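J.: What follows is input_31.pdb; its format and atoms are PDB, C-alpha atoms.
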```pdb
ATOM      1  CA  MET Z1295     118.869 199.223 159.849
ATOM      2  CA  ASN Z1296     115.941 197.561 158.050
ATOM      3  CA  SER Z1297     116.329 196.123 154.557
ATOM      4  CA  SER Z1298     114.554 199.028 152.820
ATOM      5  CA  GLN Z1299     117.310 201.359 154.054
ATOM      6  CA  ARG Z1300     120.207 199.118 153.008
ATOM      7  CA  ARG Z1301     122.037 198.511 149.781
ATOM      8  CA  VAL Z1302     122.476 194.967 148.565
ATOM      9  CA  ILE Z1303     125.781 194.063 146.929
ATOM     10  CA  ILE Z1304     125.817 191.010 144.670
ATOM     11  CA  VAL Z1305     129.255 189.672 143.753
ATOM     12  CA  THR Z1306     129.080 187.112 140.989
ATOM     13  CA  GLY Z1307     131.550 185.061 138.984
ATOM     14  CA  GLY Z1308     132.423 187.229 135.989
ATOM     15  CA  ARG Z1309     135.393 189.576 135.670
ATOM     16  CA  ILE Z1310     136.277 190.518 139.238
ATOM     17  CA  GLY Z1311     139.233 192.005 141.071
ATOM     18  CA  THR Z1312     140.229 193.851 144.212
ATOM     19  CA  TRP Z1313     138.738 197.039 142.729
ATOM     20  CA  ALA Z1314     135.343 195.575 143.675
ATOM     21  CA  LEU Z1315     136.151 195.635 147.394
ATOM     22  CA  ASP Z1316     136.159 199.449 147.360
ATOM     23  CA  GLU Z1317     132.475 199.372 146.402
ATOM     24  CA  ILE Z1318     131.390 197.466 149.539
ATOM     25  CA  LYS Z1319     130.370 199.398 152.664
ATOM     26  CA  PRO Z1320     130.095 197.947 156.199
ATOM     27  CA  THR Z1321     126.314 198.501 156.226
ATOM     28  CA  ASP Z1322     125.703 196.638 152.947
ATOM     29  CA  TYR Z1323     123.947 193.282 152.781
ATOM     30  CA  VAL Z1324     126.414 191.130 150.813
ATOM     31  CA  ILE Z1325     125.429 188.235 148.549
ATOM     32  CA  GLY Z1326     127.976 185.998 146.850
ATOM     33  CA  ALA Z1327     126.773 184.136 143.759
ATOM     34  CA  ASP Z1328     128.689 180.945 142.983
ATOM     35  CA  ARG Z1329     132.415 181.750 142.553
ATOM     36  CA  GLY Z1330     131.772 185.351 143.572
ATOM     37  CA  ALA Z1331     131.181 184.038 147.087
ATOM     38  CA  LEU Z1332     134.605 182.407 147.166
ATOM     39  CA  PHE Z1333     136.249 185.627 145.939
ATOM     40  CA  LEU Z1334     134.774 187.577 148.856
ATOM     41  CA  ILE Z1335     135.749 184.982 151.435
ATOM     42  CA  GLU Z1336     139.300 184.861 150.096
ATOM     43  CA  HIS Z1337     139.445 188.611 150.753
ATOM     44  CA  GLY Z1338     138.271 188.402 154.346
ATOM     45  CA  TYR Z1339     134.509 188.877 154.041
ATOM     46  CA  ARG Z1340     131.785 186.942 155.822
ATOM     47  CA  LEU Z1341     128.679 186.792 153.637
ATOM     48  CA  ASP Z1342     125.077 187.416 154.525
ATOM     49  CA  LEU Z1343     124.031 184.994 151.773
ATOM     50  CA  ALA Z1344     125.735 182.634 149.307
ATOM     51  CA  VAL Z1345     123.574 181.291 146.479
ATOM     52  CA  GLY Z1346     124.047 179.244 143.305
ATOM     53  CA  ASP Z1347     124.796 175.807 141.955
ATOM     54  CA  PHE Z1348     128.501 176.233 142.855
ATOM     55  CA  ASP Z1349     129.606 174.286 139.799
ATOM     56  CA  SER Z1350     132.591 176.621 139.368
ATOM     57  CA  VAL Z1351     134.156 175.766 142.735
ATOM     58  CA  THR Z1352     135.568 172.530 144.141
ATOM     59  CA  GLU Z1353     133.823 170.579 146.891
ATOM     60  CA  GLN Z1354     136.457 171.790 149.346
ATOM     61  CA  GLU Z1355     135.884 175.399 148.295
ATOM     62  CA  LYS Z1356     132.134 174.874 148.640
ATOM     63  CA  VAL Z1357     132.651 173.785 152.264
ATOM     64  CA  ILE Z1358     134.720 176.921 152.876
ATOM     65  CA  ILE Z1359     131.884 179.051 151.479
ATOM     66  CA  GLN Z1360     129.349 177.315 153.745
ATOM     67  CA  ARG Z1361     131.518 178.023 156.802
ATOM     68  CA  HIS Z1362     131.810 181.729 156.023
ATOM     69  CA  THR Z1363     128.227 182.680 155.224
ATOM     70  CA  ASP Z1364     125.205 183.277 157.420
ATOM     71  CA  GLU Z1365     122.840 181.680 154.901
ATOM     72  CA  PHE Z1366     123.811 179.152 152.228
ATOM     73  CA  LEU Z1367     121.435 178.238 149.393
ATOM     74  CA  SER Z1368     122.594 175.619 146.905
ATOM     75  CA  CYS Z1369     120.607 174.483 143.874
ATOM     76  CA  ASP Z1370     120.987 171.816 141.220
ATOM     77  CA  ALA Z1371     123.067 172.925 138.238
ATOM     78  CA  ILE Z1372     120.642 171.327 135.772
ATOM     79  CA  LEU Z1373     117.219 171.606 137.379
ATOM     80  CA  LYS Z1374     117.000 175.394 137.513
ATOM     81  CA  ASP Z1375     115.630 178.078 135.206
ATOM     82  CA  GLU Z1376     117.729 181.066 136.297
ATOM     83  CA  SER Z1377     121.417 181.872 136.263
ATOM     84  CA  ASP Z1378     123.196 182.122 139.618
ATOM     85  CA  THR Z1379     123.240 185.904 139.256
ATOM     86  CA  GLU Z1380     119.503 186.051 138.625
ATOM     87  CA  LEU Z1381     118.856 183.806 141.637
ATOM     88  CA  ALA Z1382     120.883 186.218 143.753
ATOM     89  CA  PHE Z1383     118.996 189.154 142.237
ATOM     90  CA  HIS Z1384     115.601 187.650 143.169
ATOM     91  CA  HIS Z1385     116.713 187.253 146.787
ATOM     92  CA  ALA Z1386     118.006 190.830 146.803
ATOM     93  CA  ALA Z1387     114.835 192.248 145.258
ATOM     94  CA  ALA Z1388     112.640 190.436 147.814
ATOM     95  CA  MET Z1389     114.334 192.516 150.518
ATOM     96  CA  LYS Z1390     113.076 195.728 148.860
ATOM     97  CA  PRO Z1391     116.435 197.470 149.404
ATOM     98  CA  VAL Z1392     117.225 201.065 148.563
ATOM     99  CA  GLU Z1393     119.661 199.899 145.866
ATOM    100  CA  ILE Z1394     121.188 196.775 144.312
ATOM    101  CA  ILE Z1395     124.752 196.841 142.958
ATOM    102  CA  LEU Z1396     126.069 193.998 140.809
ATOM    103  CA  LEU Z1397     129.826 193.360 140.801
ATOM    104  CA  GLY Z1398     131.482 190.741 138.599
ATOM    105  CA  ALA Z1399     128.425 190.723 136.336
ATOM    106  CA  LEU Z1400     130.412 191.350 133.128
ATOM    107  CA  GLY Z1401     133.074 189.147 131.600
ATOM    108  CA  THR Z1402     134.108 187.009 128.673
ATOM    109  CA  ARG Z1403     130.706 185.296 128.413
ATOM    110  CA  MET Z1404     128.656 187.804 126.407
ATOM    111  CA  ASP Z1405     125.464 185.803 126.961
ATOM    112  CA  HIS Z1406     125.806 186.139 130.740
ATOM    113  CA  SER Z1407     126.831 189.794 130.454
ATOM    114  CA  LEU Z1408     123.741 190.686 128.390
ATOM    115  CA  ALA Z1409     121.440 188.668 130.645
ATOM    116  CA  ASN Z1410     122.821 190.522 133.660
ATOM    117  CA  ILE Z1411     122.337 193.893 131.961
ATOM    118  CA  HIS Z1412     118.695 192.905 131.446
ATOM    119  CA  LEU Z1413     118.387 192.545 135.230
ATOM    120  CA  LEU Z1414     118.551 196.345 135.312
ATOM    121  CA  LEU Z1415     115.263 196.330 133.416
ATOM    122  CA  LYS Z1416     113.743 193.941 135.942
ATOM    123  CA  ALA Z1417     114.896 196.180 138.794
ATOM    124  CA  SER Z1418     113.418 199.250 137.111
ATOM    125  CA  SER Z1419     110.061 197.501 136.693
ATOM    126  CA  ILE Z1420     109.805 197.009 140.465
ATOM    127  CA  GLY Z1421     111.121 200.453 141.392
ATOM    128  CA  ILE Z1422     114.543 199.479 142.767
ATOM    129  CA  ALA Z1423     117.653 201.429 141.785
ATOM    130  CA  CYS Z1424     120.226 199.062 140.312
ATOM    131  CA  SER Z1425     123.615 199.356 138.667
ATOM    132  CA  ILE Z1426     126.356 197.138 137.288
ATOM    133  CA  ILE Z1427     129.875 198.233 138.158
ATOM    134  CA  ASP Z1428     133.191 196.862 137.012
ATOM    135  CA  GLU Z1429     136.711 198.222 136.603
ATOM    136  CA  PHE Z1430     135.801 200.049 133.397
ATOM    137  CA  ASN Z1431     132.033 200.640 133.433
ATOM    138  CA  ILE Z1432     129.137 201.897 135.519
ATOM    139  CA  ILE Z1433     125.896 200.813 133.852
ATOM    140  CA  GLN Z1434     122.466 202.143 134.782
ATOM    141  CA  LEU Z1435     119.063 202.209 133.112
ATOM    142  CA  THR Z1436     116.237 204.704 132.979
ATOM    143  CA  ASP Z1437     112.748 204.916 131.520
ATOM    144  CA  ARG Z1438     112.127 208.417 132.866
ATOM    145  CA  SER Z1439     114.932 210.454 134.414
ATOM    146  CA  LEU Z1440     118.353 209.781 135.877
ATOM    147  CA  ALA Z1441     120.916 211.924 137.670
ATOM    148  CA  VAL Z1442     124.424 210.946 136.578
ATOM    149  CA  THR Z1443     127.149 211.594 139.146
ATOM    150  CA  ALA Z1444     130.765 212.053 138.100
ATOM    151  CA  ALA Z1445     133.046 209.185 139.154
ATOM    152  CA  GLU Z1446     136.826 209.490 139.182
ATOM    153  CA  GLY Z1447     138.331 208.233 135.942
ATOM    154  CA  PHE Z1448     134.964 207.454 134.312
ATOM    155  CA  THR Z1449     135.143 210.296 131.824
ATOM    156  CA  HIS Z1450     132.766 209.060 129.093
ATOM    157  CA  VAL Z1451     128.976 208.875 129.327
ATOM    158  CA  SER Z1452     127.111 207.013 126.588
ATOM    159  CA  LEU Z1453     123.401 206.577 126.021
ATOM    160  CA  ILE Z1454     122.281 203.381 124.300
ATOM    161  CA  PRO Z1455     118.616 202.636 123.507
ATOM    162  CA  LEU Z1456     117.335 199.358 124.903
ATOM    163  CA  THR Z1457     114.126 199.797 122.911
ATOM    164  CA  LEU Z1458     113.903 200.422 119.160
ATOM    165  CA  GLU Z1459     113.401 204.119 119.825
ATOM    166  CA  VAL Z1460     113.817 206.471 122.784
ATOM    167  CA  SER Z1461     112.116 209.847 122.381
ATOM    168  CA  GLY Z1462     112.192 213.153 124.205
ATOM    169  CA  VAL Z1463     115.828 212.776 125.246
ATOM    170  CA  THR Z1464     117.052 215.896 127.037
ATOM    171  CA  LEU Z1465     120.533 216.192 128.540
ATOM    172  CA  THR Z1466     121.531 218.841 131.062
ATOM    173  CA  GLY Z1467     125.085 219.282 132.363
ATOM    174  CA  PHE Z1468     126.776 217.567 129.410
ATOM    175  CA  GLN Z1469     129.347 218.867 126.930
ATOM    176  CA  TYR Z1470     127.036 217.855 124.079
ATOM    177  CA  PRO Z1471     123.477 218.679 125.197
ATOM    178  CA  LEU Z1472     120.345 217.262 123.619
ATOM    179  CA  HIS Z1473     116.825 218.662 123.712
ATOM    180  CA  GLU Z1474     113.824 216.484 122.899
ATOM    181  CA  ALA Z1475     116.008 214.274 120.714
ATOM    182  CA  THR Z1476     115.132 210.822 119.437
ATOM    183  CA  LEU Z1477     117.661 208.006 119.751
ATOM    184  CA  ILE Z1478     117.254 204.971 117.529
ATOM    185  CA  MET Z1479     118.693 201.543 118.228
ATOM    186  CA  GLY Z1480     121.715 200.967 116.004
ATOM    187  CA  HIS Z1481     122.718 204.640 115.758
ATOM    188  CA  SER Z1482     125.697 206.006 117.716
ATOM    189  CA  LEU Z1483     124.549 209.610 118.197
ATOM    190  CA  ALA Z1484     124.864 209.603 121.994
ATOM    191  CA  ILE Z1485     128.133 207.713 122.424
ATOM    192  CA  SER Z1486     131.032 209.222 124.449
ATOM    193  CA  ASN Z1487     129.505 212.379 125.880
ATOM    194  CA  VAL Z1488     131.188 214.182 128.805
ATOM    195  CA  LEU Z1489     129.848 215.709 132.016
ATOM    196  CA  THR Z1490     130.637 219.410 132.477
ATOM    197  CA  GLY Z1491     130.303 219.286 136.273
ATOM    198  CA  GLU Z1492     129.735 216.922 139.163
ATOM    199  CA  THR Z1493     126.288 215.842 137.978
ATOM    200  CA  GLY Z1494     124.274 215.672 134.796
ATOM    201  CA  GLN Z1495     120.617 215.002 134.161
ATOM    202  CA  VAL Z1496     119.143 212.586 131.621
ATOM    203  CA  ASP Z1497     115.415 212.902 130.919
ATOM    204  CA  ILE Z1498     113.401 210.888 128.405
ATOM    205  CA  ARG Z1499     109.739 210.774 127.462
ATOM    206  CA  THR Z1500     109.328 207.270 126.029
ATOM    207  CA  GLY Z1501     111.472 204.158 125.756
ATOM    208  CA  ILE Z1502     114.221 202.583 127.841
ATOM    209  CA  LEU Z1503     117.779 203.857 127.879
ATOM    210  CA  LEU Z1504     121.070 202.412 129.098
ATOM    211  CA  VAL Z1505     123.378 205.030 130.596
ATOM    212  CA  ILE Z1506     126.984 203.856 130.675
ATOM    213  CA  GLN Z1507     129.846 205.705 132.342
ATOM    214  CA  SER Z1508     133.144 204.276 131.171
ATOM    215  CA  ARG Z1509     136.894 204.683 131.083
ATOM    216  CA  ASP Z1510     139.600 203.318 128.811
TER     217      ASP Z1510
END
```
So, in terms of structure tokens, how does the structure I just supplied come out?
T.:
Amino acid sequence: MNSSQRRVIIVTGGRIGTWALDEIKPTDYVIGADRGALFLIEHGYRLDLAVGDFDSVTEQEKVIIQRHTDEFLSCDAILKDESDTELAFHHAAAMKPVEIILLGALGTRMDHSLANIHLLLKASSIGIACSIIDEFNIIQLTDRSLAVTAAEGFTHVSLIPLTLEVSGVTLTGFQYPLHEATLIMGHSLAISNVLTGETGQVDIRTGILLVIQSRD
């Protein structure tokens, strides 16, 4: 299977748990970023790539990571311009995969969480489907149209503008439909909608929109 037919899974060092293992398929190319690499190895995975400054692991743990990955890329913690997650994203994007999924990309550090959400914008700009998944959220982005598939337990679907205004918003297959609506940053009009079936369709004319499926 060539890279354009594969998904790339990036596991990074935010909030992570065994729930993440259910998202990984045998055919996926798996990247561990910093402590995310150690998490995978501790749960029996051999990595295709480990990348980062590895400042959140001990030297002994770093050796363990090196022994359990096919490719190991370490960088200086100071002399770099990208976060470990963004470094992993650049390597994933260079493969031109069918999809990139980020696990462990949200957590207590809001700065890192927001920076990782902005990677969805970078993926969209180069035409690669990308999502952030954790135990409580599935986050995607669209600047055109997006099919939203029901996921067990993720009952709420919220639309949040990532630009000051998103126009021409039309929802199909939702409990609260919209037709050619305008969403404005700072307003909560499109929070906590619900799918009426297995899929729903989000279409917009201008702007950039975050689509977040969530559960309590």
J.: Near Phe1448 in chain Z, counting all atoms listed in the file, which residues have an atom at most 6 Å away, once you skip same-chain residues fewer than 2 positions from it, shown as a list in words?
T.: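 So the residues in contact are Ala1445, Glu1446, His1450, Gln1507, Ser1508 and Arg1509 of chain Z.
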J.: Evaluated on this file, the PyMOL selection byres ((chain Z and resi 1415) around 12) picks out some residues - which ones are they, written as number ranges by chain?
T.: Z: 1383, 1408-1414, 1416-1426, 1433-1437, 1456-1457, 1501-1504
J.: Give me the range 1391-1480 of chain Z side of the contact with range 1310-1314 of chain Z, cut-off 7 Å, one line per residue showing its nearest atom pair and distance in Å at one decimal, counting all atoms listed in the file, sorted by chain and residue number, as JSON lines.
T.:
```
{"residue": "Z:Leu1397", "atom": "CA", "partner": "Z:Ala1314", "partner_atom": "CA", "distance": 6.6}
{"residue": "Z:Gly1398", "atom": "CA", "partner": "Z:Ile1310", "partner_atom": "CA", "distance": 4.8}
{"residue": "Z:Glu1429", "atom": "CA", "partner": "Z:Trp1313", "partner_atom": "CA", "distance": 6.6}
```
J.: Once the PyMOL selection byres ((chain Z and resi 1333) around 10) has been evaluated on this model, what residues remain selected, and can you format them as number ranges by chain?
T.: Z: 1305-1307, 1310-1312, 1326-1332, 1334-1339, 1359
J.: Which residues are close to Tyr1470 in chain Z, i.e. within 10 Å by only C-alpha atoms, leaving aside same-chain residues fewer than 5 positions away? Reply as a list in words.
T.: Leu1465, Ala1484, Ser1486, Asn1487, Val1488, Leu1489 and Thr1490 of chain Z
J.: Would you translate the PyMOL selection byres ((chain Z and resi 1364) around 8) into the concrete set of residues it matches in this file, as a PyMOL selection string?
T.: chain Z and resi 1340-1343+1362-1363+1365-1366
J.: To one decimal place in Å, what is the distance between CA of Ile1325 in chain Z and CA of Asp1510 in chain Z?
T.: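 Answer for the CA of Ile1325 in chain Z to CA of Asp1510 in chain Z separation: 28.6 Å.
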J.: Expressed in Å to a single decimal, how great is the separation between CA of Arg1301 in chain Z and CA of Gly1401 in chain Z?
T.: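 About the pair CA of Arg1301 in chain Z and CA of Gly1401 in chain Z: they are 23.2 Å apart.
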J.: Which residue out of Z:Ile1506, Z:Tyr1323, Z:Ser1482, Z:Thr1464 has the minimum interatomic distance to Lys1390 in chain Z when only C-alpha atoms are used?
T.: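 The closest residue to Lys1390 in chain Z is Z:Tyr1323.
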J.: Would you compute the distance between CA of Arg1361 in chain Z and CA of Asp1347 in chain Z? Give it in Å to one decimal.
T.: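 Between CA of Arg1361 in chain Z and CA of Asp1347 in chain Z the gap is 16.4 Å.
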J.: Hey, which of Z:Gly1462, Z:Gly1346, Z:Pro1320, Z:Pro1391 ends up closest to Arg1438 in chain Z? Count only C-alpha atoms.
T.: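 So, comparing all the options, the nearest one is Z:Gly1462.
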J.: Dump as a list in words all residues having an atom at most 10 Å from (114.1, 213.0, 131.4), computed in the file's coordinates with only C-alpha atoms.
T.: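 Looking at atoms near the point gives Thr1436, Asp1437, Arg1438, Ser1439, Leu1440, Ala1441, Ser1461, Gly1462, Val1463, Thr1464, Leu1465, Thr1466, His1473, Glu1474, Gln1495, Val1496, Asp1497, Ile1498, Arg1499 and Thr1500 of chain Z.
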J.: Padding of 5 Å on every side, edges along x, y and z, all listed atoms of range 1485-1489 of chain Z included: what centre and edge lengths in Å, to one decimal, does that box have, as AutoDock Vina command-line options?
T.:
```
--center_x 129.7 --center_y 211.7 --center_z 127.2 --size_x 13.1 --size_y 18.0 --size_z 19.6
```
J.: Kindly indicate which residue among Z:Ile1304, Z:Thr1443, Z:Asp1349, Z:Glu1355 lies nearest to His1384 in chain Z, using all atoms listed in the file for the distances.
T.: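 Checking each of Z:Ile1304, Z:Thr1443, Z:Asp1349, Z:Glu1355 against His1384 in chain Z, counting all atoms listed in the file, the winner is Z:Ile1304.
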J.: Please rebuild range 1340-1358 of chain Z with N, CA and C atoms and return the result as a PDB file, in the frame of the given file.
T.:
```
ATOM      1  N   ARG Z1340     132.809 187.931 155.464  1.00  0.00           N
ATOM      2  CA  ARG Z1340     131.785 186.942 155.822  1.00  0.00           C
ATOM      3  C   ARG Z1340     130.509 187.381 155.122  1.00  0.00           C
ATOM      4  N   LEU Z1341     129.823 186.451 154.473  1.00  0.00           N
ATOM      5  CA  LEU Z1341     128.679 186.792 153.637  1.00  0.00           C
ATOM      6  C   LEU Z1341     127.373 186.707 154.406  1.00  0.00           C
ATOM      7  N   ASP Z1342     126.438 187.549 154.024  1.00  0.00           N
ATOM      8  CA  ASP Z1342     125.077 187.416 154.525  1.00  0.00           C
ATOM      9  C   ASP Z1342     124.374 186.252 153.830  1.00  0.00           C
ATOM     10  N   LEU Z1343     124.674 186.059 152.534  1.00  0.00           N
ATOM     11  CA  LEU Z1343     124.031 184.994 151.773  1.00  0.00           C
ATOM     12  C   LEU Z1343     124.971 184.529 150.656  1.00  0.00           C
ATOM     13  N   ALA Z1344     125.067 183.219 150.465  1.00  0.00           N
ATOM     14  CA  ALA Z1344     125.735 182.634 149.307  1.00  0.00           C
ATOM     15  C   ALA Z1344     124.701 181.798 148.575  1.00  0.00           C
ATOM     16  N   VAL Z1345     124.610 181.965 147.242  1.00  0.00           N
ATOM     17  CA  VAL Z1345     123.574 181.291 146.479  1.00  0.00           C
ATOM     18  C   VAL Z1345     124.138 180.838 145.130  1.00  0.00           C
ATOM     19  N   GLY Z1346     123.633 179.709 144.617  1.00  0.00           N
ATOM     20  CA  GLY Z1346     124.047 179.244 143.305  1.00  0.00           C
ATOM     21  C   GLY Z1346     124.133 177.734 143.242  1.00  0.00           C
ATOM     22  N   ASP Z1347     124.574 177.250 142.076  1.00  0.00           N
ATOM     23  CA  ASP Z1347     124.796 175.807 141.955  1.00  0.00           C
ATOM     24  C   ASP Z1347     126.227 175.422 142.322  1.00  0.00           C
ATOM     25  N   PHE Z1348     127.108 176.409 142.415  1.00  0.00           N
ATOM     26  CA  PHE Z1348     128.501 176.233 142.855  1.00  0.00           C
ATOM     27  C   PHE Z1348     129.245 175.197 142.001  1.00  0.00           C
ATOM     28  N   ASP Z1349     128.918 175.203 140.703  1.00  0.00           N
ATOM     29  CA  ASP Z1349     129.606 174.286 139.799  1.00  0.00           C
ATOM     30  C   ASP Z1349     130.966 174.822 139.353  1.00  0.00           C
ATOM     31  N   SER Z1350     131.293 176.053 139.739  1.00  0.00           N
ATOM     32  CA  SER Z1350     132.591 176.621 139.368  1.00  0.00           C
ATOM     33  C   SER Z1350     133.583 176.618 140.530  1.00  0.00           C
ATOM     34  N   VAL Z1351     133.230 175.926 141.614  1.00  0.00           N
ATOM     35  CA  VAL Z1351     134.156 175.766 142.735  1.00  0.00           C
ATOM     36  C   VAL Z1351     134.302 174.284 143.045  1.00  0.00           C
ATOM     37  N   THR Z1352     135.369 173.921 143.736  1.00  0.00           N
ATOM     38  CA  THR Z1352     135.568 172.530 144.141  1.00  0.00           C
ATOM     39  C   THR Z1352     134.708 172.222 145.363  1.00  0.00           C
ATOM     40  N   GLU Z1353     134.586 170.953 145.700  1.00  0.00           N
ATOM     41  CA  GLU Z1353     133.823 170.579 146.891  1.00  0.00           C
ATOM     42  C   GLU Z1353     134.446 171.168 148.149  1.00  0.00           C
ATOM     43  N   GLN Z1354     135.775 171.212 148.195  1.00  0.00           N
ATOM     44  CA  GLN Z1354     136.457 171.790 149.346  1.00  0.00           C
ATOM     45  C   GLN Z1354     136.169 173.288 149.438  1.00  0.00           C
ATOM     46  N   GLU Z1355     136.186 173.964 148.297  1.00  0.00           N
ATOM     47  CA  GLU Z1355     135.884 175.399 148.295  1.00  0.00           C
ATOM     48  C   GLU Z1355     134.427 175.652 148.677  1.00  0.00           C
ATOM     49  N   LYS Z1356     133.542 174.752 148.276  1.00  0.00           N
ATOM     50  CA  LYS Z1356     132.134 174.874 148.640  1.00  0.00           C
ATOM     51  C   LYS Z1356     131.955 174.781 150.152  1.00  0.00           C
ATOM     52  N   VAL Z1357     132.702 173.904 150.796  1.00  0.00           N
ATOM     53  CA  VAL Z1357     132.651 173.785 152.264  1.00  0.00           C
ATOM     54  C   VAL Z1357     133.143 175.076 152.907  1.00  0.00           C
ATOM     55  N   ILE Z1358     134.189 175.653 152.355  1.00  0.00           N
ATOM     56  CA  ILE Z1358     134.720 176.921 152.876  1.00  0.00           C
ATOM     57  C   ILE Z1358     133.657 178.011 152.781  1.00  0.00           C
TER      58      ILE Z1358
END
```
